[in-house]
$ cat upload17.cif   # mmCIF, C-alpha atoms
data_coords
loop_
_atom_site.group_PDB
_atom_site.id
_atom_site.type_symbol
_atom_site.label_atom_id
_atom_site.label_comp_id
_atom_site.auth_asym_id
_atom_site.auth_seq_id
_atom_site.Cartn_x
_atom_site.Cartn_y
_atom_site.Cartn_z
ATOM 1 C CA MET A 233 -324.973 21.725 104.443
ATOM 2 C CA ASN A 234 -321.954 23.871 103.532
ATOM 3 C CA SER A 235 -318.627 22.303 102.752
ATOM 4 C CA PRO A 236 -315.902 22.961 105.345
ATOM 5 C CA TYR A 237 -313.761 26.044 104.892
ATOM 6 C CA HIS A 238 -310.353 25.584 103.340
ATOM 7 C CA ILE A 239 -307.672 28.273 103.185
ATOM 8 C CA ASP A 240 -307.494 27.947 99.373
ATOM 9 C CA GLN A 241 -310.989 29.485 99.208
ATOM 10 C CA ASN A 242 -309.713 32.768 100.636
ATOM 11 C CA PRO A 243 -308.351 35.079 97.898
ATOM 12 C CA HIS A 244 -306.429 37.071 100.519
ATOM 13 C CA LYS A 245 -304.329 34.109 101.681
ATOM 14 C CA GLY A 246 -302.394 33.438 98.457
ATOM 15 C CA ASN A 247 -299.082 34.967 99.427
ATOM 16 C CA ARG A 248 -296.462 32.931 101.215
ATOM 17 C CA GLY A 249 -293.004 33.619 102.612
ATOM 18 C CA LEU A 250 -291.304 36.918 101.827
ATOM 19 C CA ALA A 251 -294.135 38.134 99.564
ATOM 20 C CA ARG A 252 -296.584 37.697 102.427
ATOM 21 C CA ALA A 253 -294.291 39.529 104.836
ATOM 22 C CA LEU A 254 -293.885 42.427 102.388
ATOM 23 C CA HIS A 255 -297.646 42.711 101.863
ATOM 24 C CA ALA A 256 -298.215 42.546 105.604
ATOM 25 C CA ALA A 257 -295.640 45.296 106.173
ATOM 26 C CA LYS A 258 -297.318 47.457 103.520
ATOM 27 C CA ASN A 259 -300.735 46.911 105.116
ATOM 28 C CA SER A 260 -299.316 47.704 108.559
ATOM 29 C CA TRP A 261 -297.775 50.927 107.281
ATOM 30 C CA CYS A 262 -301.097 51.897 105.653
ATOM 31 C CA GLY A 263 -302.839 51.279 108.973
ATOM 32 C CA LEU A 264 -300.424 53.573 110.783
ATOM 33 C CA VAL A 265 -300.862 56.268 108.120
ATOM 34 C CA TYR A 266 -304.670 56.014 108.274
ATOM 35 C CA ALA A 267 -304.581 56.202 112.067
ATOM 36 C CA PHE A 268 -302.330 59.255 111.957
ATOM 37 C CA MET A 269 -304.414 61.005 109.305
ATOM 38 C CA GLU A 270 -307.873 60.191 110.648
ATOM 39 C CA GLU A 271 -307.644 59.641 114.410
ATOM 40 C CA SER A 272 -306.890 62.651 116.600
ATOM 41 C CA ALA A 273 -306.581 60.439 119.692
ATOM 42 C CA PHE A 274 -303.884 58.397 117.933
ATOM 43 C CA ARG A 275 -302.001 61.592 117.033
ATOM 44 C CA GLN A 276 -302.203 62.776 120.651
ATOM 45 C CA GLU A 277 -300.951 59.450 121.993
ATOM 46 C CA LEU A 278 -298.223 59.313 119.345
ATOM 47 C CA THR A 279 -297.120 62.800 120.450
ATOM 48 C CA LEU A 280 -297.026 61.553 124.037
ATOM 49 C CA PHE A 281 -294.915 58.598 122.878
ATOM 50 C CA ALA A 282 -292.553 60.867 120.908
ATOM 51 C CA LEU A 283 -292.082 63.226 123.861
ATOM 52 C CA LEU A 284 -291.725 60.648 126.626
ATOM 53 C CA THR A 285 -289.573 58.040 124.882
ATOM 54 C CA PRO A 286 -286.450 60.258 124.912
ATOM 55 C CA VAL A 287 -287.200 61.108 128.544
ATOM 56 C CA ALA A 288 -287.305 57.394 129.402
ATOM 57 C CA LEU A 289 -284.019 56.817 127.571
ATOM 58 C CA LEU A 290 -282.318 59.675 129.419
ATOM 59 C CA LEU A 291 -283.536 58.826 132.922
ATOM 60 C CA PRO A 292 -280.934 57.272 135.243
ATOM 61 C CA ILE A 293 -282.809 53.978 135.557
ATOM 62 C CA THR A 294 -282.215 50.355 134.609
ATOM 63 C CA LEU A 295 -282.703 49.023 131.101
ATOM 64 C CA LEU A 296 -285.695 47.033 132.346
ATOM 65 C CA GLU A 297 -287.342 50.186 133.715
ATOM 66 C CA LYS A 298 -286.686 52.046 130.452
ATOM 67 C CA SER A 299 -288.218 49.122 128.566
ATOM 68 C CA LEU A 300 -291.288 49.111 130.796
ATOM 69 C CA LEU A 301 -291.845 52.843 130.399
ATOM 70 C CA ILE A 302 -291.523 52.746 126.617
ATOM 71 C CA SER A 303 -293.567 49.536 126.327
ATOM 72 C CA SER A 304 -296.396 51.075 128.336
ATOM 73 C CA LEU A 305 -296.537 53.943 125.838
ATOM 74 C CA MET A 306 -296.464 51.531 122.902
ATOM 75 C CA MET A 307 -299.287 49.538 124.472
ATOM 76 C CA VAL A 308 -301.437 52.674 124.515
ATOM 77 C CA LEU A 309 -300.833 53.041 120.763
ATOM 78 C CA VAL A 310 -301.612 49.377 120.117
ATOM 79 C CA ILE A 311 -304.873 49.537 122.035
ATOM 80 C CA GLU A 312 -305.820 52.809 120.329
ATOM 81 C CA LEU A 313 -305.329 51.091 116.957
ATOM 82 C CA LEU A 314 -307.567 48.219 118.066
ATOM 83 C CA ASN A 315 -310.165 50.699 119.319
ATOM 84 C CA SER A 316 -310.056 52.523 115.985
ATOM 85 C CA SER A 317 -310.514 49.170 114.227
ATOM 86 C CA VAL A 318 -313.667 48.446 116.193
ATOM 87 C CA GLU A 319 -315.011 51.931 115.487
ATOM 88 C CA ALA A 320 -314.270 51.649 111.755
ATOM 89 C CA ALA A 321 -315.953 48.234 111.517
ATOM 90 C CA ILE A 322 -319.050 49.496 113.316
ATOM 91 C CA ASP A 323 -319.214 52.636 111.180
ATOM 92 C CA ARG A 324 -318.868 50.416 108.083
ATOM 93 C CA ILE A 325 -321.979 48.533 109.146
ATOM 94 C CA SER A 326 -324.049 51.627 109.916
ATOM 95 C CA PHE A 327 -323.835 55.185 111.224
ATOM 96 C CA GLU A 328 -327.255 54.698 112.805
ATOM 97 C CA HIS A 329 -327.288 54.714 116.611
ATOM 98 C CA HIS A 330 -327.601 51.261 118.126
ATOM 99 C CA ASP A 331 -327.036 50.269 121.744
ATOM 100 C CA LEU A 332 -324.720 47.379 120.835
ATOM 101 C CA SER A 333 -322.639 49.628 118.569
ATOM 102 C CA LYS A 334 -322.330 52.160 121.375
ATOM 103 C CA ARG A 335 -321.382 49.429 123.808
ATOM 104 C CA ALA A 336 -318.644 48.087 121.506
ATOM 105 C CA LYS A 337 -317.225 51.576 120.991
ATOM 106 C CA ASP A 338 -317.382 52.255 124.735
ATOM 107 C CA PHE A 339 -315.525 48.989 125.436
ATOM 108 C CA GLY A 340 -312.756 50.085 123.078
ATOM 109 C CA SER A 341 -312.588 53.505 124.690
ATOM 110 C CA ALA A 342 -312.422 51.927 128.142
ATOM 111 C CA ALA A 343 -309.531 49.711 127.002
ATOM 112 C CA VAL A 344 -307.596 52.802 125.888
ATOM 113 C CA MET A 345 -308.334 54.537 129.183
ATOM 114 C CA LEU A 346 -307.089 51.536 131.169
ATOM 115 C CA ALA A 347 -303.923 51.402 129.063
ATOM 116 C CA LEU A 348 -303.340 55.087 129.817
ATOM 117 C CA PHE A 349 -303.833 54.378 133.532
ATOM 118 C CA VAL A 350 -301.305 51.528 133.388
ATOM 119 C CA ALA A 351 -298.797 53.784 131.620
ATOM 120 C CA ALA A 352 -299.343 56.574 134.157
ATOM 121 C CA LEU A 353 -298.955 54.118 137.034
ATOM 122 C CA LEU A 354 -295.677 52.753 135.649
ATOM 123 C CA TRP A 355 -294.297 56.217 134.988
ATOM 124 C CA ALA A 356 -295.267 57.338 138.498
ATOM 125 C CA ALA A 357 -293.746 54.216 140.073
ATOM 126 C CA VAL A 358 -290.438 54.834 138.293
ATOM 127 C CA CYS A 359 -290.273 58.640 138.408
ATOM 128 C CA ILE A 360 -291.544 59.451 141.908
ATOM 129 C CA PRO A 361 -288.618 57.689 143.632
ATOM 130 C CA LEU A 362 -286.231 59.584 141.328
ATOM 131 C CA LEU A 363 -287.832 62.878 142.279
ATOM 132 C CA LEU A 364 -287.683 62.034 145.988
ATOM 133 C CA LYS A 365 -283.904 61.499 145.703
ATOM 134 C CA LEU A 366 -283.396 65.092 144.504
#
$ encode --input "upload17.cif" --output "structure tokens"
Amino acid sequence: MNSPYHIDQNPHKGNRGLARALHAAKNSWCGLVYAFMEESAFRQELTLFALLTPVALLLPITLLEKSLLISSLMMVLVIELLNSSVEAAIDRISFEHHDLSKRAKDFGSAAVMLALFVAALLWAAVCIPLLLKL
């Protein structure tokens, strides 16, 4: 029988406090750079974010509505990063076709699609009434 896991056994858990936060920030930045360099979908969604965020800030709407519009775009990026993580982990295991690998990748893709639908729905709900006032 194996002995129970203890955090001291993990060589990646040695940092504490500010050192840990700095390493985490560095790893997060590397993740964003990898996503930008290697994932065309992430670049497309980041472009959408960069174009629509100023629009949201300039619209004559409440702060809450601006926050919802921008948050919906950020959520698309977050879910795309998670989807890319799943794809990278599966590709690390094998490039060979397997039904479970396809299913996992399809789940990630579906999550991104749903996030895009949510963002589109929020943008429509906020912008259509503005357009009808014109």
$ atom_distance --input "upload17.cif" --atom1 "CA of Ile239 (chain A)" --atom2 "CA of Ser317 (chain A)"
23.8 Å
$ resolve_selection --input "upload17.cif" --expression "the PyMOL selection byres ((chain A and resi 277) around 10)" --output "list in words"
Ser272, Ala273, Phe274, Arg275, Gln276, Leu278, Thr279, Leu280, Phe281, Ala282, Leu283, Leu305, Met306, Val308, Leu309, Glu312 and Leu348 of chain A
$ atom_distance --input "upload17.cif" --atom1 "CA of His255 (chain A)" --atom2 "CA of Ala347 (chain A)"
29.2 Å
$ atom_distance --input "upload17.cif" --atom1 "CA of Cys359 (chain A)" --atom2 "CA of Ala288 (chain A)"
9.6 Å
$ residues_around --input "upload17.cif" --residues "Ala321 (chain A)" --least-positions-apart "6" --cutoff "12 Å" --atoms "all atoms listed in the file" --output "JSON, numbers by chain"
{"A": [314, 315, 327, 333, 336, 337]}
$ write_last_selection --input "upload17.cif" --atoms "C-alpha atoms" --output "PDB file, keeping the file's coordinate frame"
ATOM      1  CA  LEU A 314    -307.567  48.219 118.066  1.00  0.00           C
ATOM      2  CA  ASN A 315    -310.165  50.699 119.319  1.00  0.00           C
ATOM      3  CA  PHE A 327    -323.835  55.185 111.224  1.00  0.00           C
ATOM      4  CA  SER A 333    -322.639  49.628 118.569  1.00  0.00           C
ATOM      5  CA  ALA A 336    -318.644  48.087 121.506  1.00  0.00           C
ATOM      6  CA  LYS A 337    -317.225  51.576 120.991  1.00  0.00           C
TER       7      LYS A 337
END
$ resolve_selection --input "upload17.cif" --expression "the PyMOL selection byres ((chain A and resi 301) around 12)" --output "PyMOL selection string"
chain A and resi 280-281+284-291+293-300+302-308+348+350-359
$ axis_aligned_box --input "upload17.cif" --around "region 256-261 of chain A" --padding-each-side "6 Å" --output "lines of an AutoDock Vina configuration file"
center_x = -298.2
center_y = 46.7
center_z = 106.0
size_x = 17.1
size_y = 20.4
size_z = 17.0
$ residues_around --input "upload17.cif" --residues "Val265 (chain A)" --least-positions-apart "4" --cutoff "12 Å" --atoms "all atoms listed in the file" --output "PyMOL selection string"
chain A and resi 258-261+269-271+274-275+278+313
